[in-house]
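The file my_file.pdb contains PDB, C-alpha atoms and all ligand atoms:
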```pdb
MODEL        1
ATOM      1  CA  MET A   1      24.572 144.483 -42.380  1.00  0.00           C
ATOM      2  CA  VAL A   2      26.786 144.317 -45.424  1.00  0.00           C
ATOM      3  CA  TRP A   3      28.718 147.458 -45.992  1.00  0.00           C
ATOM      4  CA  GLY A   4      28.222 149.106 -49.339  1.00  0.00           C
ATOM      5  CA  GLN A   5      24.893 147.390 -49.944  1.00  0.00           C
ATOM      6  CA  PRO A   6      21.891 149.659 -50.138  1.00  0.00           C
ATOM      7  CA  LEU A   7      19.321 149.099 -47.446  1.00  0.00           C
ATOM      8  CA  LYS A   8      16.337 147.214 -48.744  1.00  0.00           C
ATOM      9  CA  PRO A   9      13.022 148.434 -47.444  1.00  0.00           C
ATOM     10  CA  ARG A  10      11.223 145.498 -45.885  1.00  0.00           C
ATOM     11  CA  SER A  11       7.733 146.863 -46.136  1.00  0.00           C
ATOM     12  CA  PRO A  12       5.892 149.302 -48.375  1.00  0.00           C
ATOM     13  CA  TRP A  13       5.047 151.673 -45.557  1.00  0.00           C
ATOM     14  CA  LEU A  14       8.622 152.124 -44.448  1.00  0.00           C
ATOM     15  CA  THR A  15       9.878 155.587 -45.073  1.00  0.00           C
ATOM     16  CA  THR A  16      12.695 156.085 -47.520  1.00  0.00           C
ATOM     17  CA  PRO A  17      15.839 154.544 -46.087  1.00  0.00           C
ATOM     18  CA  SER A  18      18.508 157.121 -45.526  1.00  0.00           C
ATOM     19  CA  LEU A  19      20.846 155.851 -48.208  1.00  0.00           C
ATOM     20  CA  SER A  20      22.984 158.938 -47.993  1.00  0.00           C
ATOM     21  CA  HIS A  21      23.660 158.270 -44.335  1.00  0.00           C
ATOM     22  CA  PRO A  22      27.181 156.877 -43.914  1.00  0.00           C
ATOM     23  CA  LEU A  23      26.305 154.818 -40.828  1.00  0.00           C
ATOM     24  CA  PRO A  24      23.397 152.525 -40.085  1.00  0.00           C
ATOM     25  CA  VAL A  25      20.758 154.433 -38.176  1.00  0.00           C
ATOM     26  CA  LEU A  26      20.169 152.954 -34.770  1.00  0.00           C
ATOM     27  CA  ASP A  27      16.437 153.044 -34.744  1.00  0.00           C
ATOM     28  CA  PHE A  28      14.146 151.612 -32.138  1.00  0.00           C
ATOM     29  CA  ARG A  29      10.633 151.877 -30.883  1.00  0.00           C
ATOM     30  CA  TRP A  30       8.617 151.070 -27.803  1.00  0.00           C
ATOM     31  CA  GLN A  31       6.616 147.894 -27.722  1.00  0.00           C
ATOM     32  CA  PRO A  32       4.400 146.632 -24.905  1.00  0.00           C
ATOM     33  CA  ALA A  33       5.274 143.012 -24.108  1.00  0.00           C
ATOM     34  CA  HIS A  34       5.383 140.710 -21.099  1.00  0.00           C
ATOM     35  CA  GLY A  35       3.564 143.225 -18.931  1.00  0.00           C
ATOM     36  CA  GLY A  36       5.904 146.120 -19.578  1.00  0.00           C
ATOM     37  CA  ARG A  37       6.877 148.623 -22.219  1.00  0.00           C
ATOM     38  CA  HIS A  38      10.085 147.487 -23.842  1.00  0.00           C
ATOM     39  CA  VAL A  39      12.268 148.744 -26.648  1.00  0.00           C
ATOM     40  CA  ILE A  40      12.679 146.796 -29.886  1.00  0.00           C
ATOM     41  CA  SER A  41      14.499 147.427 -33.113  1.00  0.00           C
ATOM     42  CA  GLN A  42      12.631 149.479 -35.661  1.00  0.00           C
ATOM     43  CA  ASP A  43      13.513 146.750 -38.183  1.00  0.00           C
ATOM     44  CA  LEU A  44      11.112 144.308 -36.555  1.00  0.00           C
ATOM     45  CA  LEU A  45       7.825 144.099 -38.391  1.00  0.00           C
ATOM     46  CA  PRO A  46       4.488 142.751 -37.166  1.00  0.00           C
ATOM     47  CA  GLY A  47       4.758 138.958 -36.971  1.00  0.00           C
ATOM     48  CA  ASP A  48       8.545 139.019 -36.684  1.00  0.00           C
ATOM     49  CA  GLU A  49      10.250 137.308 -33.797  1.00  0.00           C
ATOM     50  CA  GLY A  50      12.955 139.219 -32.071  1.00  0.00           C
ATOM     51  CA  HIS A  51      14.326 140.436 -28.796  1.00  0.00           C
ATOM     52  CA  THR A  52      13.721 143.439 -26.664  1.00  0.00           C
ATOM     53  CA  PHE A  53      16.723 145.532 -25.694  1.00  0.00           C
ATOM     54  CA  CYS A  54      16.688 143.840 -22.294  1.00  0.00           C
ATOM     55  CA  GLY A  55      16.888 140.403 -23.921  1.00  0.00           C
ATOM     56  CA  LEU A  56      13.338 139.088 -23.740  1.00  0.00           C
ATOM     57  CA  ASP A  57      11.998 136.982 -26.594  1.00  0.00           C
ATOM     58  CA  LEU A  58       9.096 138.618 -28.319  1.00  0.00           C
ATOM     59  CA  GLN A  59       6.889 138.274 -31.325  1.00  0.00           C
ATOM     60  CA  VAL A  60       5.766 141.602 -32.649  1.00  0.00           C
ATOM     61  CA  PRO A  61       1.958 141.632 -32.498  1.00  0.00           C
ATOM     62  CA  ARG A  62       0.108 141.970 -35.769  1.00  0.00           C
ATOM     63  CA  GLN A  63      -2.537 144.087 -34.149  1.00  0.00           C
ATOM     64  CA  ARG A  64      -2.202 147.433 -32.542  1.00  0.00           C
ATOM     65  CA  ASN A  65      -1.581 147.291 -28.849  1.00  0.00           C
ATOM     66  CA  THR A  66      -4.416 148.346 -26.634  1.00  0.00           C
ATOM     67  CA  LYS A  67      -4.328 151.556 -24.643  1.00  0.00           C
ATOM     68  CA  THR A  68      -4.042 149.500 -21.489  1.00  0.00           C
ATOM     69  CA  GLU A  69      -0.913 147.821 -22.784  1.00  0.00           C
ATOM     70  CA  TRP A  70       0.684 151.175 -23.458  1.00  0.00           C
ATOM     71  CA  LEU A  71       0.134 151.990 -19.794  1.00  0.00           C
ATOM     72  CA  TRP A  72       2.298 149.108 -18.663  1.00  0.00           C
ATOM     73  CA  PRO A  73       5.351 150.202 -16.705  1.00  0.00           C
ATOM     74  CA  THR A  74       8.448 151.148 -18.662  1.00  0.00           C
ATOM     75  CA  CYS A  75      11.216 148.567 -18.576  1.00  0.00           C
ATOM     76  CA  GLN A  76      14.121 150.318 -16.890  1.00  0.00           C
ATOM     77  CA  GLN A  77      16.738 148.231 -18.669  1.00  0.00           C
ATOM     78  CA  CYS A  78      15.283 149.014 -22.076  1.00  0.00           C
ATOM     79  CA  TYR A  79      15.022 152.660 -21.127  1.00  0.00           C
ATOM     80  CA  ASP A  80      18.654 152.816 -20.117  1.00  0.00           C
ATOM     81  CA  THR A  81      19.753 151.015 -23.282  1.00  0.00           C
ATOM     82  CA  ALA A  82      17.641 153.264 -25.447  1.00  0.00           C
ATOM     83  CA  LYS A  83      19.153 156.316 -23.791  1.00  0.00           C
ATOM     84  CA  THR A  84      22.634 155.268 -24.835  1.00  0.00           C
ATOM     85  CA  ARG A  85      21.481 154.879 -28.451  1.00  0.00           C
ATOM     86  CA  THR A  86      20.149 158.363 -28.985  1.00  0.00           C
TER      87      THR A  86
HETATM   88 ZN    ZN B 101      12.856 145.609 -21.547  1.00  0.00          ZN
ENDMDL
END
```

Represent the structure contained in this file as structure tokens.
Ligand SMILES: [Zn+2]
Amino acid sequence: MVWGQPLKPRSPWLTTPSLSHPLPVLDFRWQPAHGGRHVISQDLLPGDEGHTFCGLDLQVPRQRNTKTEWLWPTCQQCYDTAKTRT
């Protein structure tokens, strides 16, 4: 993050970046991976490689996750980290 630089949207379906916001928005979302529901940065796009909040390597799937995957147990570490970010 370079201060003073406008945020560049990385995909056409991203909503308008909050340019008027003085601080970077800490945005995250839930992502099923490795048998559990983890939290990843909202910046990660399908196909990107990144890390969950609890430190697992992950490649964001290009397809939607199945309903079964969304029923995987919530990762407690990700949950706790996410809680501190809201
Ligand atoms: Zn996790």

Exactly which residues make up the result of the PyMOL selection byres (((not hetatm)) within 9 of (chain B and resi 101)) on this file, given as a short mmCIF file (atom, residue, chain, number, x, y, z; two decimals) with C-alpha atoms, keeping the file's coordinate frame?
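Output contents, as saved in result33.cif:
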```cif
data_model
loop_
_atom_site.label_atom_id
_atom_site.label_comp_id
_atom_site.auth_asym_id
_atom_site.auth_seq_id
_atom_site.Cartn_x
_atom_site.Cartn_y
_atom_site.Cartn_z
CA ALA A 33 5.27 143.01 -24.11
CA HIS A 34 5.38 140.71 -21.10
CA GLY A 36 5.90 146.12 -19.58
CA ARG A 37 6.88 148.62 -22.22
CA HIS A 38 10.09 147.49 -23.84
CA VAL A 39 12.27 148.74 -26.65
CA ILE A 40 12.68 146.80 -29.89
CA THR A 52 13.72 143.44 -26.66
CA PHE A 53 16.72 145.53 -25.69
CA CYS A 54 16.69 143.84 -22.29
CA GLY A 55 16.89 140.40 -23.92
CA LEU A 56 13.34 139.09 -23.74
CA THR A 74 8.45 151.15 -18.66
CA CYS A 75 11.22 148.57 -18.58
CA GLN A 76 14.12 150.32 -16.89
CA GLN A 77 16.74 148.23 -18.67
CA CYS A 78 15.28 149.01 -22.08
CA TYR A 79 15.02 152.66 -21.13
CA THR A 81 19.75 151.01 -23.28
#
```

>> Between atom CA of A:Val60 and atom CA of A:Phe28, what distance in Å does the model show, to one decimal?
In response: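 Atom CA of A:Phe28 lies at a distance of 13.1 Å from atom CA of A:Val60.
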
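For A:Arg64, the list of residues within 12 Å, based on only C-alpha atoms and with local chain neighbours fewer than 3 positions off taken out, reads A:Gln31, A:Pro32, A:Pro46, A:Gly47, A:Val60, A:Pro61, A:Lys67, A:Thr68, A:Glu69, A:Trp70.
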
> A:Gly50: which residues within 7 Å, counting only C-alpha atoms, same-chain residues fewer than 4 positions away excluded, as a PyMOL selection string?
Replying inline: chain A and resi 57-59

Kindly save the residues from that selection, with C-alpha atoms included, as a PDB file, in the frame of the given file.
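So selection-v6.pdb came out as:
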```
ATOM      1  CA  ASP A  57      11.998 136.982 -26.594  1.00  0.00           C
ATOM      2  CA  LEU A  58       9.096 138.618 -28.319  1.00  0.00           C
ATOM      3  CA  GLN A  59       6.889 138.274 -31.325  1.00  0.00           C
TER       4      GLN A  59
END
```

> What does the distance between atom CA of A:Thr84 and atom CA of A:Leu44 come to in Å, to one decimal place?
Replying inline: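 Going from atom CA of A:Thr84 over to atom CA of A:Leu44, I get 19.8 Å.
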
> atom CA of A:Trp30 and atom CA of A:Arg62, how far apart in Å?
Replying inline: 14.8 Å

Using the file's own x, y and z axes, so that the box edges lie along x, y and z, what centre and edge lengths in Å (one decimal) does a box around every listed atom of stretch 43-61 of chain A get when 6 Å is added on each side? Give it as JSON.
```
{"center_x": 9.4, "center_y": 141.9, "center_z": -30.3, "size_x": 26.9, "size_y": 21.8, "size_z": 28.1}
```

>> Tell me which residues come within 9 Å of (16.2, 158.0, -29.8), as a ChimeraX atom specification, counting all atoms listed in the file in the file's coordinates.
In response: /A:26-29,82-86
